Structure formats: C-alpha cells, structure tokens
>>> print(open('input-v3.cif').read())   # mmCIF, C-alpha atoms and all ligand atoms
data_protein
#
loop_
_atom_site.label_atom_id
_atom_site.label_comp_id
_atom_site.auth_asym_id
_atom_site.auth_seq_id
_atom_site.Cartn_x
_atom_site.Cartn_y
_atom_site.Cartn_z
CA MET A 1 19.40 12.68 -15.40
CA SER A 2 16.20 12.25 -13.51
CA ARG A 3 14.44 15.51 -12.89
CA LEU A 4 14.28 14.63 -9.21
CA GLU A 5 18.06 14.64 -8.88
CA GLY A 6 19.07 17.41 -6.50
CA ARG A 7 15.53 18.79 -6.22
CA THR A 8 13.79 19.37 -2.91
CA VAL A 9 10.43 17.72 -2.36
CA LEU A 10 8.53 19.00 0.64
CA LEU A 11 6.30 16.18 1.86
CA ALA A 12 3.37 17.10 4.09
CA VAL A 13 1.87 14.18 5.97
CA SER A 14 -1.50 14.49 7.68
CA GLY A 15 -3.26 12.18 10.08
CA GLY A 16 -5.01 9.38 8.26
CA ILE A 17 -4.19 5.70 8.40
CA ALA A 18 -2.43 6.03 5.02
CA ALA A 19 0.20 8.12 6.83
CA TYR A 20 2.19 4.92 7.30
CA LYS A 21 2.70 4.85 3.53
CA ALA A 22 4.57 8.16 3.75
CA ALA A 23 7.62 6.14 4.78
CA GLU A 24 7.61 4.35 1.41
CA VAL A 25 7.01 7.62 -0.41
CA VAL A 26 10.09 9.14 1.23
CA ARG A 27 12.20 6.10 0.36
CA ALA A 28 11.10 6.14 -3.28
CA LEU A 29 11.75 9.87 -3.66
CA VAL A 30 15.18 9.59 -2.03
CA ARG A 31 16.03 6.63 -4.27
CA ALA A 32 15.07 8.74 -7.29
CA GLY A 33 17.64 11.33 -6.19
CA ALA A 34 15.44 13.90 -4.44
CA ARG A 35 16.10 15.68 -1.19
CA VAL A 36 13.01 15.17 0.93
CA ARG A 37 11.94 17.51 3.71
CA ALA A 38 9.04 16.05 5.61
CA MET A 39 6.59 17.81 7.88
CA MET A 40 3.86 16.13 9.87
CA THR A 41 0.64 17.19 11.52
CA ARG A 42 -0.09 16.07 15.07
CA GLY A 43 -2.53 13.51 13.73
CA ALA A 44 0.10 12.07 11.39
CA GLN A 45 2.41 11.53 14.36
CA GLN A 46 -0.21 9.23 15.88
CA PHE A 47 0.29 6.86 12.95
CA LEU A 48 3.98 7.26 12.17
CA THR A 49 6.83 8.69 14.18
CA PRO A 50 8.80 11.69 12.91
CA LEU A 51 11.91 9.64 13.62
CA THR A 52 10.96 7.17 10.89
CA LEU A 53 10.76 9.90 8.25
CA GLN A 54 13.85 11.61 9.64
CA VAL A 55 15.92 8.45 9.27
CA LEU A 56 14.57 7.68 5.79
CA SER A 57 14.99 11.23 4.49
CA GLY A 58 18.22 11.99 6.33
CA GLN A 59 16.71 15.41 7.10
CA PRO A 60 15.09 16.90 10.16
CA VAL A 61 11.32 16.52 10.22
CA ALA A 62 9.23 19.57 11.07
CA THR A 63 6.26 19.15 13.37
CA ASP A 64 5.67 22.27 15.44
CA THR A 65 5.56 25.96 14.53
CA PHE A 66 6.17 27.05 18.09
CA ASP A 67 9.06 24.73 18.91
CA LEU A 68 12.01 27.05 19.47
CA ALA A 69 14.65 24.53 18.41
CA GLN A 70 12.85 23.59 15.20
CA GLU A 71 12.07 27.17 14.34
CA SER A 72 15.69 28.23 14.73
CA GLU A 73 16.97 25.25 12.71
CA ILE A 74 14.43 25.21 9.92
CA GLY A 75 12.08 28.16 10.14
CA HIS A 76 8.67 27.55 8.65
CA ILE A 77 9.04 30.19 5.95
CA ARG A 78 12.43 28.84 4.91
CA LEU A 79 10.91 25.38 4.77
CA ALA A 80 8.26 26.69 2.38
CA GLU A 81 10.90 28.41 0.28
CA SER A 82 13.16 25.36 0.11
CA ALA A 83 10.61 23.37 -1.88
CA ASP A 84 10.82 22.78 -5.63
CA VAL A 85 7.57 20.87 -5.35
CA VAL A 86 5.21 20.01 -2.50
CA LEU A 87 3.41 16.71 -2.05
CA VAL A 88 0.64 16.43 0.52
CA ALA A 89 0.24 12.68 1.09
CA PRO A 90 -1.99 11.59 2.59
CA ALA A 91 -4.22 14.65 2.68
CA THR A 92 -7.07 14.16 5.15
CA ALA A 93 -10.48 15.76 4.69
CA ASN A 94 -9.55 18.04 7.57
CA LEU A 95 -6.33 19.28 5.97
CA VAL A 96 -8.10 19.73 2.62
CA ALA A 97 -10.75 21.83 4.39
CA LYS A 98 -8.11 23.94 6.14
CA LEU A 99 -6.28 24.54 2.85
CA ALA A 100 -9.51 25.39 1.05
CA HIS A 101 -10.23 28.09 3.62
CA GLY A 102 -6.71 29.36 4.17
CA LEU A 103 -6.46 28.29 7.80
CA ALA A 104 -3.02 28.30 9.37
CA ASP A 105 -3.39 26.82 12.82
CA ASP A 106 -0.44 24.44 12.80
CA LEU A 107 2.93 24.07 11.10
CA VAL A 108 1.76 22.09 8.05
CA SER A 109 -1.15 24.38 7.15
CA THR A 110 0.99 27.48 7.78
CA VAL A 111 3.84 26.27 5.56
CA LEU A 112 1.39 25.25 2.82
CA LEU A 113 0.06 28.81 2.71
CA ALA A 114 3.57 30.19 2.33
CA VAL A 115 4.64 27.84 -0.46
CA ARG A 116 5.25 29.19 -4.01
CA ALA A 117 6.21 25.85 -5.61
CA PRO A 118 3.64 23.57 -7.31
CA VAL A 119 1.48 21.73 -4.77
CA LEU A 120 0.18 18.18 -5.30
CA VAL A 121 -2.54 17.00 -2.97
CA ALA A 122 -3.18 13.27 -2.59
CA PRO A 123 -6.34 12.81 -0.53
CA ALA A 124 -6.96 9.48 1.20
CA MET A 125 -10.07 8.83 3.25
CA ASN A 126 -13.16 6.71 3.65
CA ALA A 127 -15.22 6.43 0.44
CA HIS A 128 -18.22 8.21 1.94
CA MET A 129 -16.07 11.08 3.14
CA TRP A 130 -14.51 11.34 -0.33
CA GLU A 131 -17.96 11.51 -1.94
CA ASN A 132 -19.19 14.09 0.55
CA ALA A 133 -20.28 17.25 -1.27
CA ILE A 134 -18.41 19.52 1.16
CA VAL A 135 -15.16 17.60 0.69
CA GLN A 136 -15.61 17.74 -3.09
CA ARG A 137 -16.28 21.48 -2.93
CA ASN A 138 -13.13 21.98 -0.89
CA LEU A 139 -11.12 19.95 -3.41
CA GLN A 140 -12.56 22.09 -6.18
CA ALA A 141 -11.32 25.15 -4.29
CA LEU A 142 -7.81 23.67 -4.19
CA ARG A 143 -7.92 23.02 -7.94
CA ALA A 144 -9.15 26.54 -8.55
CA ALA A 145 -6.19 27.80 -6.50
CA GLY A 146 -3.84 25.98 -8.90
CA MET A 147 -3.13 22.88 -6.84
CA ARG A 148 -3.16 19.46 -8.48
CA VAL A 149 -5.46 16.97 -6.79
CA ILE A 150 -4.28 13.39 -7.36
CA GLU A 151 -7.39 11.24 -7.43
CA PRO A 152 -7.44 8.46 -4.84
CA ALA A 153 -7.45 4.85 -6.00
CA GLU A 154 -10.21 2.30 -5.58
CA GLY A 155 -9.90 -0.85 -3.53
CA PHE A 156 -9.95 -2.18 -0.04
CA LEU A 157 -9.96 0.64 2.50
CA ALA A 158 -8.56 0.39 6.02
CA CYS A 159 -12.00 1.20 7.44
CA GLY A 160 -13.29 -2.07 6.01
CA TYR A 161 -15.05 -0.53 3.02
CA GLU A 162 -14.37 -1.40 -0.58
CA GLY A 163 -14.38 1.73 -2.69
CA ILE A 164 -12.64 4.93 -3.69
CA GLY A 165 -10.38 6.66 -1.20
CA ARG A 166 -7.08 4.75 -1.08
CA LEU A 167 -3.82 6.64 -1.36
CA PRO A 168 -2.51 5.84 -4.87
CA ASP A 169 0.54 3.57 -5.18
CA VAL A 170 3.92 5.07 -4.38
CA GLU A 171 4.94 4.81 -8.06
CA VAL A 172 1.98 6.99 -9.03
CA LEU A 173 2.90 9.63 -6.45
CA VAL A 174 6.53 9.68 -7.56
CA ALA A 175 5.45 9.93 -11.21
CA GLU A 176 3.22 12.89 -10.30
CA VAL A 177 6.11 14.62 -8.52
CA ARG A 178 8.36 14.09 -11.54
CA LYS A 179 5.65 15.45 -13.82
CA ALA A 180 5.31 18.56 -11.68
CA LEU A 181 9.03 19.20 -12.24
CA THR A 182 8.86 18.60 -16.01
CA PRO A 183 7.84 21.24 -18.56
CA ALA A 184 4.39 20.55 -20.03
CA ASP A 185 5.79 21.00 -23.52
CA LEU A 186 3.64 18.27 -25.06
CA SER A 187 0.42 19.58 -23.65
CA GLY A 188 -2.36 19.44 -26.23
CA GLU A 189 -0.70 16.48 -27.97
CA ARG A 190 -2.36 13.08 -28.13
CA VAL A 191 0.52 10.66 -28.23
CA LEU A 192 0.06 7.06 -29.33
CA VAL A 193 2.74 4.67 -28.06
CA THR A 194 3.15 0.96 -28.80
CA ALA A 195 5.12 -1.43 -26.63
CA GLY A 196 6.04 -5.04 -26.09
CA PRO A 197 6.08 -8.05 -28.38
CA THR A 198 3.19 -9.62 -30.23
CA ARG A 199 2.23 -13.28 -30.05
CA GLU A 200 1.29 -15.30 -33.08
CA ALA A 201 -0.47 -18.56 -32.30
CA LEU A 202 0.65 -21.87 -33.79
CA ASP A 203 -2.01 -23.90 -32.05
CA PRO A 204 -4.11 -23.45 -28.89
CA VAL A 205 -1.08 -23.74 -26.59
CA ARG A 206 1.92 -22.49 -28.58
CA PHE A 207 2.94 -19.21 -30.12
CA LEU A 208 5.79 -17.39 -31.85
CA SER A 209 7.00 -14.25 -30.14
CA ASN A 210 10.18 -12.35 -29.30
CA ARG A 211 12.13 -11.25 -26.25
CA SER A 212 10.68 -7.75 -25.95
CA THR A 213 9.46 -7.00 -22.41
CA GLY A 214 7.79 -3.66 -23.21
CA LYS A 215 10.02 -1.68 -20.81
CA MET A 216 11.18 0.81 -23.44
CA GLY A 217 7.67 1.49 -24.75
CA PHE A 218 6.20 1.82 -21.27
CA ALA A 219 8.98 4.26 -20.35
CA LEU A 220 8.15 6.27 -23.50
CA ALA A 221 4.47 6.43 -22.55
CA ALA A 222 5.38 7.59 -19.04
CA ALA A 223 7.75 10.24 -20.42
CA ALA A 224 5.18 11.60 -22.89
CA TRP A 225 2.62 11.86 -20.06
CA ARG A 226 5.18 13.62 -17.86
CA HIS A 227 5.62 16.20 -20.61
CA GLY A 228 1.91 16.94 -20.56
CA ALA A 229 0.58 14.77 -23.40
CA GLU A 230 -2.56 12.69 -23.34
CA VAL A 231 -1.17 9.21 -23.88
CA THR A 232 -2.64 6.00 -25.26
CA LEU A 233 -0.47 2.92 -24.94
CA VAL A 234 -1.13 -0.09 -27.14
CA ALA A 235 0.62 -2.94 -25.35
CA GLY A 236 1.41 -6.46 -26.43
CA PRO A 237 1.51 -9.20 -23.78
CA VAL A 238 3.86 -7.89 -21.07
CA GLN A 239 4.18 -8.07 -17.30
CA LEU A 240 4.25 -4.38 -16.51
CA PRO A 241 1.99 -2.07 -14.52
CA THR A 242 0.26 0.68 -16.51
CA PRO A 243 2.18 3.95 -16.11
CA ALA A 244 0.41 6.72 -14.20
CA GLY A 245 -2.05 8.75 -16.23
CA VAL A 246 -1.80 6.54 -19.31
CA ARG A 247 -4.74 4.94 -21.13
CA ARG A 248 -3.82 1.37 -22.02
CA ILE A 249 -5.16 -0.97 -24.70
CA ASP A 250 -3.96 -4.57 -24.50
CA VAL A 251 -3.50 -6.59 -27.66
CA THR A 252 -1.95 -9.96 -28.43
CA THR A 253 -1.29 -10.40 -32.15
CA ALA A 254 0.27 -8.16 -34.80
CA ALA A 255 -3.14 -7.97 -36.50
CA GLU A 256 -4.76 -6.77 -33.25
CA MET A 257 -2.00 -4.24 -32.73
CA ARG A 258 -2.46 -2.96 -36.26
CA ALA A 259 -6.23 -2.61 -35.78
CA ALA A 260 -5.75 -0.75 -32.47
CA VAL A 261 -3.08 1.55 -33.93
CA GLU A 262 -5.19 2.37 -36.98
CA THR A 263 -8.20 3.22 -34.84
CA GLU A 264 -6.20 5.37 -32.40
CA TRP A 265 -4.15 7.01 -35.13
CA ALA A 266 -7.30 8.66 -36.44
CA THR A 267 -7.23 11.05 -33.47
CA ALA A 268 -3.58 10.92 -32.35
CA THR A 269 -1.11 13.68 -33.11
CA MET A 270 2.11 11.66 -32.65
CA LEU A 271 3.16 8.03 -32.85
CA LEU A 272 6.03 6.45 -30.94
CA MET A 273 6.26 2.91 -32.28
CA GLY A 274 8.24 1.05 -29.64
CA ALA A 275 6.65 -2.38 -30.12
CA ALA A 276 8.57 -5.36 -31.47
CA VAL A 277 5.88 -6.47 -33.89
CA ALA A 278 6.15 -9.97 -35.28
CA ASP A 279 7.15 -9.90 -38.94
CA PHE A 280 5.73 -13.37 -39.60
CA ARG A 281 2.87 -15.44 -38.33
CA PRO A 282 1.88 -19.06 -38.96
CA ALA A 283 -0.11 -19.21 -42.22
CA ARG A 284 -2.58 -21.50 -40.49
CA VAL A 285 -3.36 -21.81 -36.79
CA ALA A 286 -3.96 -25.47 -35.91
CA GLU A 287 -7.30 -25.90 -34.20
CA GLN A 288 -5.99 -28.64 -31.95
CA LYS A 289 -2.64 -28.97 -30.25
CA ILE A 290 -0.05 -30.12 -32.81
CA LYS A 291 1.08 -33.67 -31.98
CA LYS A 292 4.73 -34.59 -31.87
CA GLY A 293 4.56 -37.16 -34.71
CA ALA A 294 7.61 -38.99 -35.94
CA GLY A 295 9.57 -36.66 -38.16
CA ARG A 296 10.25 -32.98 -38.65
CA LEU A 297 7.70 -30.26 -38.39
CA ARG A 298 7.79 -27.52 -40.97
CA LEU A 299 6.14 -24.21 -40.18
CA ASP A 300 4.63 -22.25 -42.99
CA LEU A 301 4.87 -18.57 -42.11
CA GLU A 302 3.30 -15.60 -43.84
CA PRO A 303 4.32 -11.95 -43.39
CA THR A 304 2.31 -9.66 -41.11
CA ALA A 305 1.43 -6.15 -42.22
CA ASP A 306 4.01 -3.46 -41.48
CA ILE A 307 2.04 -1.19 -39.15
CA LEU A 308 4.44 1.73 -39.26
CA GLY A 309 4.90 1.41 -43.00
CA ALA A 310 1.12 1.60 -43.41
CA VAL A 311 0.38 4.59 -41.15
CA ALA A 312 3.46 6.81 -41.55
CA PRO A 313 2.88 7.83 -45.20
CA HIS A 314 -0.48 9.38 -44.20
CA LYS A 315 0.88 11.31 -41.28
CA GLY A 316 0.81 14.82 -42.75
CA ALA A 317 2.47 17.15 -40.22
CA ARG A 318 2.27 14.61 -37.41
CA ILE A 319 5.50 13.28 -35.89
CA VAL A 320 6.20 9.57 -36.21
CA VAL A 321 9.07 7.87 -34.40
CA GLY A 322 10.19 4.31 -35.10
CA PHE A 323 12.61 1.94 -33.46
CA ALA A 324 15.11 -0.21 -35.28
CA ALA A 325 16.15 -3.42 -33.58
CA GLU A 326 19.37 -4.52 -35.27
CA THR A 327 22.13 -6.97 -34.58
CA THR A 328 24.54 -5.92 -37.37
CA GLU A 329 25.08 -2.69 -39.30
CA VAL A 330 22.87 -0.97 -36.77
CA LEU A 331 23.01 2.59 -38.10
CA ALA A 332 22.78 1.71 -41.79
CA GLY A 333 19.77 -0.53 -41.12
CA ALA A 334 18.09 2.15 -39.05
CA GLU A 335 18.68 4.81 -41.72
CA ARG A 336 17.14 2.56 -44.33
CA LYS A 337 14.02 2.04 -42.17
CA LEU A 338 13.79 5.79 -41.48
CA ARG A 339 13.70 6.43 -45.23
CA GLU A 340 11.52 3.52 -46.28
CA LYS A 341 8.94 4.00 -43.54
CA GLN A 342 9.01 7.82 -43.94
CA LEU A 343 9.69 8.48 -40.26
CA ASP A 344 10.71 11.73 -38.58
CA LEU A 345 13.05 10.06 -36.13
CA ILE A 346 14.37 6.56 -35.59
CA VAL A 347 15.90 5.09 -32.46
CA ALA A 348 18.63 2.70 -33.56
CA ASN A 349 19.06 -0.07 -31.08
CA ASP A 350 21.82 -2.70 -31.08
CA VAL A 351 19.90 -5.58 -29.56
CA SER A 352 22.88 -7.94 -29.61
CA ARG A 353 24.43 -6.19 -26.57
CA PRO A 354 23.52 -7.75 -23.22
CA ASP A 355 23.17 -4.30 -21.59
CA ALA A 356 20.88 -2.93 -24.30
CA GLY A 357 17.73 -3.88 -26.13
CA PHE A 358 15.37 -6.63 -25.09
CA ALA A 359 14.78 -7.32 -21.40
CA ALA A 360 17.67 -5.11 -20.19
CA ASP A 361 16.98 -2.17 -17.85
CA THR A 362 19.46 -0.06 -19.77
CA ASN A 363 19.72 0.84 -23.41
CA ALA A 364 22.35 2.24 -25.77
CA VAL A 365 20.80 3.93 -28.75
CA THR A 366 21.49 6.42 -31.51
CA LEU A 367 18.81 8.88 -32.58
CA ILE A 368 18.72 9.61 -36.30
CA ASP A 369 16.50 12.25 -37.88
CA ARG A 370 15.43 12.90 -41.46
CA GLU A 371 18.28 15.34 -42.04
CA GLY A 372 20.70 12.54 -41.22
CA ASN A 373 21.77 13.98 -37.85
CA ARG A 374 23.00 11.23 -35.59
CA GLU A 375 22.95 11.58 -31.80
CA LYS A 376 24.62 8.71 -29.99
CA LEU A 377 23.39 8.46 -26.41
CA PRO A 378 25.51 6.85 -23.70
CA LEU A 379 24.34 3.72 -21.89
CA LEU A 380 21.33 4.96 -19.95
CA SER A 381 18.37 3.53 -18.10
CA LYS A 382 15.37 2.97 -20.37
CA ASP A 383 13.63 5.66 -18.38
CA GLU A 384 16.33 8.14 -19.33
CA VAL A 385 16.44 6.99 -22.96
CA ALA A 386 12.68 7.59 -23.09
CA GLU A 387 13.15 11.06 -21.62
CA ARG A 388 15.79 11.90 -24.27
CA VAL A 389 13.62 10.57 -27.11
CA VAL A 390 10.68 12.65 -25.91
CA GLU A 391 12.90 15.73 -25.56
CA ARG A 392 13.96 15.25 -29.20
CA VAL A 393 10.31 14.97 -30.20
CA VAL A 394 9.62 18.24 -28.36
CA ALA A 395 12.49 19.87 -30.29
CA LEU A 396 11.21 18.51 -33.62
CA ARG A 397 7.75 19.82 -32.82
CA ALA A 398 9.13 23.27 -31.96
CA ALA A 399 11.21 23.35 -35.16
CA ARG A 400 8.16 22.39 -37.18
CA ALA A 401 5.99 25.03 -35.54
CA ALA A 402 8.69 27.67 -36.18
CA ALA A 403 8.98 26.64 -39.84
CA ALA A 404 5.20 26.83 -40.27
CA SER A 405 4.86 30.33 -38.85
N1 LIG B 1 7.18 -2.40 -37.20
C1 LIG B 1 5.83 -2.30 -37.52
N2 LIG B 1 5.17 -3.37 -38.04
C2 LIG B 1 5.82 -4.53 -38.26
C3 LIG B 1 7.21 -4.65 -37.95
C4 LIG B 1 7.84 -3.55 -37.41
O1 LIG B 1 5.24 -1.25 -37.32
N3 LIG B 1 5.15 -5.57 -38.77
C5 LIG B 1 7.84 -1.21 -36.63
C6 LIG B 1 8.50 -1.45 -35.29
O2 LIG B 1 7.60 -1.15 -34.25
C7 LIG B 1 9.65 -0.47 -35.31
C8 LIG B 1 10.03 -0.38 -36.78
O3 LIG B 1 8.89 -0.86 -37.49
O4 LIG B 1 9.29 0.80 -34.85
C9 LIG B 1 11.21 -1.19 -37.16
O5 LIG B 1 11.06 -2.51 -36.67
P1 LIG B 1 12.19 -3.60 -36.91
O6 LIG B 1 11.69 -4.91 -36.39
O7 LIG B 1 13.49 -3.10 -36.47
O8 LIG B 1 12.27 -3.63 -38.48
P2 LIG B 1 11.45 -4.36 -39.58
O9 LIG B 1 10.66 -3.32 -40.32
O10 LIG B 1 10.70 -5.50 -39.02
O11 LIG B 1 12.63 -4.81 -40.53
P3 LIG B 1 13.70 -6.03 -40.40
O12 LIG B 1 12.93 -7.17 -39.86
O13 LIG B 1 14.14 -6.20 -41.79
O14 LIG B 1 14.81 -5.58 -39.51
#
>>> encode(input="input-v3.cif", output="structure tokens", more="lines below")
Ligand code: CTP
Amino acid sequence: MSRLEGRTVLLAVSGGIAAYKAAEVVRALVRAGARVRAMMTRGAQQFLTPLTLQVLSGQPVATDTFDLAQESEIGHIRLAESADVVLVAPATANLVAKLAHGLADDLVSTVLLAVRAPVLVAPAMNAHMWENAIVQRNLQALRAAGMRVIEPAEGFLACGYEGIGRLPDVEVLVAEVRKALTPADLSGERVLVTAGPTREALDPVRFLSNRSTGKMGFALAAAAWRHGAEVTLVAGPVQLPTPAGVRRIDVTTAAEMRAAVETEWATATMLLMGAAVADFRPARVAEQKIKKGAGRLRLDLEPTADILGAVAPHKGARIVVGFAAETTEVLAGAERKLREKQLDLIVANDVSRPDAGFAADTNAVTLIDREGNREKLPLLSKDEVAERVVERVVALRAARAAAAS
C-alpha cells in the first residue's frame, strides 16, 4: 500500500505564477490516495481560485483566519494538527521570509507556525530572486528549523528568464511527500541499482536486446531513495524519467554496464541488480550494415560476463539482491541463481505471465533469502513490489547488524 493512502497532506499555496501548478499537485496526491487539505494566501488566489483546489481535493480550502464560517468549520489550529505532512508549493520569497522570521499575519503563515508534522518547502521564483543572498539566508533558516527545502528546477521561467527557479515537476513533489512519510531506515547506505535491458550491436543499425523496460529497476531506485539511501542507478537504454533524488548513469551494452557497476561497487554498500543483462553478444560487430544476401544468415554469439556473478563473491557484509527472470520452474531456477551467485536475496519473477515481468506495470514475484525462506507477494504494482523488496532489505540489514553486535 502506498504510504500516501489515507494520509493527510496539507498543501500551502502562495502567490507566484507557479501557483497554477498546485492544481496538478492536488490531483496527483489525490490519485496516490492522499487526503489533501489546501490553504491559499491572498496572492495565490490571484493566480488560481480556491474553488479549483476545492473541487480537485474534495475538501474545503482555507483562505482566511478571520472568516467566521471557515474558522468554525476548520479552525486554523485543527488544520495544522490534521496534517501528516505539509507541502508548501509554490513557496514565494515573501512566504519564505515570513517563515524564516516566524511571522503570522495571515492564515497560511499562522498555520505553518502551528504545524508539528514534517514541512517541505518548494520555492519557485525568478532566478535572480532565488540567488539573492537574503533569500538564501532565509532558506538556510528554514533548513536549520528542520524543514526540507526542495531545490527548484532549472529551465524556462515565466518571467522570460532561463535559469534556476522553476517549481519542480509534480512527480518530484509527490516523491518528496512520500519520502517524508517513509522511515529513513536506509540512511547512510549507498545503494547501487541497475535497470533496463542492454543492447548488443550486430552492425551500425541493428542490435540484440530484450523486452525489459526498466520499470522495476527504476521503481527500486525510487524506493531506496525514499528510505533515505543515496542512490546510483545504472540504466540501460530505456524511456523513463530519472526518479527524484537519484544519480543516473546511462549505459548501452553489457560490457558498459559491467564497467559502470564495477566502478560504483567500489563505494556502494548495497546492490540491487534489476537489469536484464544480455547473456550473449555478437562475436563480431559488422562495421557496415549487413546486406540481405541470398541465403541464411548465421549469427555467431559469445557470452557476456556475468556482472552479478563477478561482484557478489567480493561483497563481504554488503547486501546483494538479484532478480531471476524465468519462464519455467521459476522458484527452482531462482534458488539455483541465489546459491550460484552468492546473493542475499533473489526476486523470482515469472516473466511468461502477461501481467508480470517485462513491460507490465504490475509484477508477481516471490522473494527468496539465503535461509530458503520464500515470501510470495500478490500481484502488485512495480512500485509496490519495489517497496516490499526494499523493506526486506531493511530487515536483512537490521538482522545483520543485530547479529554483529
Ligand atoms: N545478470 C548479470 N549479468 C549477466 C546476466 C544476468 O548480472 N550477464 C544478473 C541479472 O541482473 C539478475 C540475475 O543476474 O539479477 C539473474 O539474471 P537472469 O537473466 O535471470 O539469469 P542468468 O544468470 O542470465 O541465467 P539464465 O540465463 O540461465 O536464466
């Protein structure tokens, strides 16, 4: 279950042009299962009507501390107390300054002072305002007070400038909210994740590959970041946006993936090997496009190196998780790989099912550990499978730490 399910997100919207994006933020949070209570400054209401957020959230929107009807229905202190997490998006320089100095001259600033839940602040403003030393000092004050400042993105700004100051994408804001509701039980870990297929060239225009889309690996990287880890994602050729907070290294071939993994493994503390690495590659890559010719074409393939098999034996106390893509005898095959590759955990995946494995949004897997414990998970979204895998890794890590002490 998503950690947003049944949780209350208090969204504070202040008056910058990015306020219009608050409508999308509300929709995304509601879709993820959250209850959203929105409150808006007077400035925000110049850009977006409270009615819009009220309809999208299905909840009354708070705008005025001294409105008798609102105060009797909601009550600004109760609003503060209702929050499991608070997102200020967009946060103007003015609201940041008020927060930094503890001002409470309207509903939003008053409620934000009364809040006990974690507060995420997503500033959005003109690049020069963002770089202003006073604004930066105020943001530092918010950090020092325990708030999380979500850095703005770079790009085209509404004021006509190109630069830093854009409100980050909705997906990033939702990921940050989820992270705030997730225990940071992988903090201090440097998790290396691989994802996607590899491509092995036959000639300048053709390649051998497989049907992996990278969804499972990307979901694993996002989950590890949510749990507080520093995450590096080595990705084969896929069409997916980089998950929030994750450092990404793009590779194409199995050899490139191996080189990247070996380099990163030197400083990583965990490996989640979600990639569908090619087992074979053409023994020779034709320099020119192979012509049709008259008869058959025979491909001469040579094996690629087994990345996991090469790094896992040198892992020491580090946790290594593999995936097993199988079409028959799924569990037996996975158990064999767990043993042979000396893994701590393997995720057995029946990739012959249409609702699981490659390209699907859902997955049905069984987790098998070194003691032979099997945990069959129901059909879940890849996001949820990733969450469960990471939770198992957290448990393994705790068990290991307990055994060592
Ligand atoms: N793997 C790897 N390097 C390879 C092939 C696979 O590191 N050259 C990793 C995969 O990322 C996965 C695990 O090994 O985590 C198992 O991959 P899978 O393709 O299921 O198994 P193989 O080892 O390739 O065995 P087989 O082809 O016999 O099923």
>>> residues_around(input="input-v3.cif", residues="segment 270-284 of chain A", least_positions_apart="6", cutoff="8 Å", atoms="all atoms listed in the file", output="JSON, numbers by chain")
{"A": [189, 190, 191, 192, 193, 194, 195, 196, 197, 198, 199, 200, 201, 202, 208, 209, 210, 212, 214, 216, 217, 220, 235, 236, 254, 299, 300, 301, 302, 303, 304, 305, 306, 308, 318, 319, 320, 321, 322, 323]}
>>> closest_residue(input="input-v3.cif", among="A:Glu391, A:Asp350, A:Asp355, A:Glu371", to="ligand LIG 1 (chain B)", atoms="only C-alpha atoms and all ligand atoms")
A:Asp350
>>> residues_around(input="input-v3.cif", residues="Ile164 of chain A", least_positions_apart="5", cutoff="12 Å", atoms="all atoms listed in the file", output="short mmCIF file (atom, residue, chain, number, x, y, z; two decimals) with C-alpha atoms, in the frame of the given file")
data_model
loop_
_atom_site.label_atom_id
_atom_site.label_comp_id
_atom_site.auth_asym_id
_atom_site.auth_seq_id
_atom_site.Cartn_x
_atom_site.Cartn_y
_atom_site.Cartn_z
CA PRO A 123 -6.34 12.81 -0.53
CA ALA A 124 -6.96 9.48 1.20
CA MET A 125 -10.07 8.83 3.25
CA ASN A 126 -13.16 6.71 3.65
CA ALA A 127 -15.22 6.43 0.44
CA HIS A 128 -18.22 8.21 1.94
CA MET A 129 -16.07 11.08 3.14
CA TRP A 130 -14.51 11.34 -0.33
CA GLU A 131 -17.96 11.51 -1.94
CA GLU A 151 -7.39 11.24 -7.43
CA PRO A 152 -7.44 8.46 -4.84
CA ALA A 153 -7.45 4.85 -6.00
CA GLU A 154 -10.21 2.30 -5.58
CA GLY A 155 -9.90 -0.85 -3.53
CA PHE A 156 -9.95 -2.18 -0.04
CA LEU A 157 -9.96 0.64 2.50
CA ALA A 158 -8.56 0.39 6.02
CA CYS A 159 -12.00 1.20 7.44
#
>>> closest_residue(input="input-v3.cif", among="A:Ser381, A:Val330, A:Arg336, A:Thr269", to="Gly316 of chain A", atoms="all atoms listed in the file")
A:Thr269
>>> atom_distance(input="input-v3.cif", atom1="atom CA of Gly15 of chain A", atom2="atom CA of Arg42 of chain A")
7.1 Å
>>> closest_residue(input="input-v3.cif", among="A:Val311, A:Gly43, A:Leu11, A:Lys376", to="Arg258 of chain A", atoms="all atoms listed in the file")
A:Val311
>>> closest_residue(input="input-v3.cif", among="A:Leu377, A:Val231, A:Val135, A:Ile307", to="Met257 of chain A", atoms="only C-alpha atoms")
A:Ile307
>>> atom_distance(input="input-v3.cif", atom1="atom CA of Ile77 of chain A", atom2="atom CA of Ala175 of chain A")
26.8 Å
>>> closest_residue(input="input-v3.cif", among="A:Thr267, A:Thr328, A:Ser405, A:Thr362", to="ligand LIG 1 (chain B)", atoms="all atoms listed in the file")
A:Thr328
>>> closest_residue(input="input-v3.cif", among="A:Lys21, A:His101, A:Arg247, A:Lys292", to="Ala44 of chain A", atoms="only C-alpha atoms")
A:Lys21
>>> residues_around(input="input-v3.cif", residues="Ala219 of chain A", least_positions_apart="6", cutoff="9 Å", atoms="all atoms listed in the file", output="VMD selection string")
chain A and resid 243 382 to 387
>>> residues_near_point(input="input-v3.cif", point="(-2.2, 19.1, 1.1)", cutoff="8 Å", atoms="all atoms listed in the file", output="list of chain:residue names")
A:Ala12, A:Leu87, A:Val88, A:Ala89, A:Pro90, A:Ala91, A:Leu95, A:Val96, A:Leu99, A:Leu112, A:Val119, A:Leu120, A:Val121, A:Ala122, A:Pro123
>>> write_last_selection(input="input-v3.cif", atoms="C-alpha atoms", output="compact mmCIF listing (two decimals), in the coordinates of the input")
# COMPACT_ATOMS: atom_id res chain seq x y z
CA ALA A 12 3.37 17.10 4.09
CA LEU A 87 3.41 16.71 -2.05
CA VAL A 88 0.64 16.43 0.52
CA ALA A 89 0.24 12.68 1.09
CA PRO A 90 -1.99 11.59 2.59
CA ALA A 91 -4.22 14.65 2.68
CA LEU A 95 -6.33 19.28 5.97
CA VAL A 96 -8.10 19.73 2.62
CA LEU A 99 -6.28 24.54 2.85
CA LEU A 112 1.39 25.25 2.82
CA VAL A 119 1.48 21.73 -4.77
CA LEU A 120 0.18 18.18 -5.30
CA VAL A 121 -2.54 17.00 -2.97
CA ALA A 122 -3.18 13.27 -2.59
CA PRO A 123 -6.34 12.81 -0.53
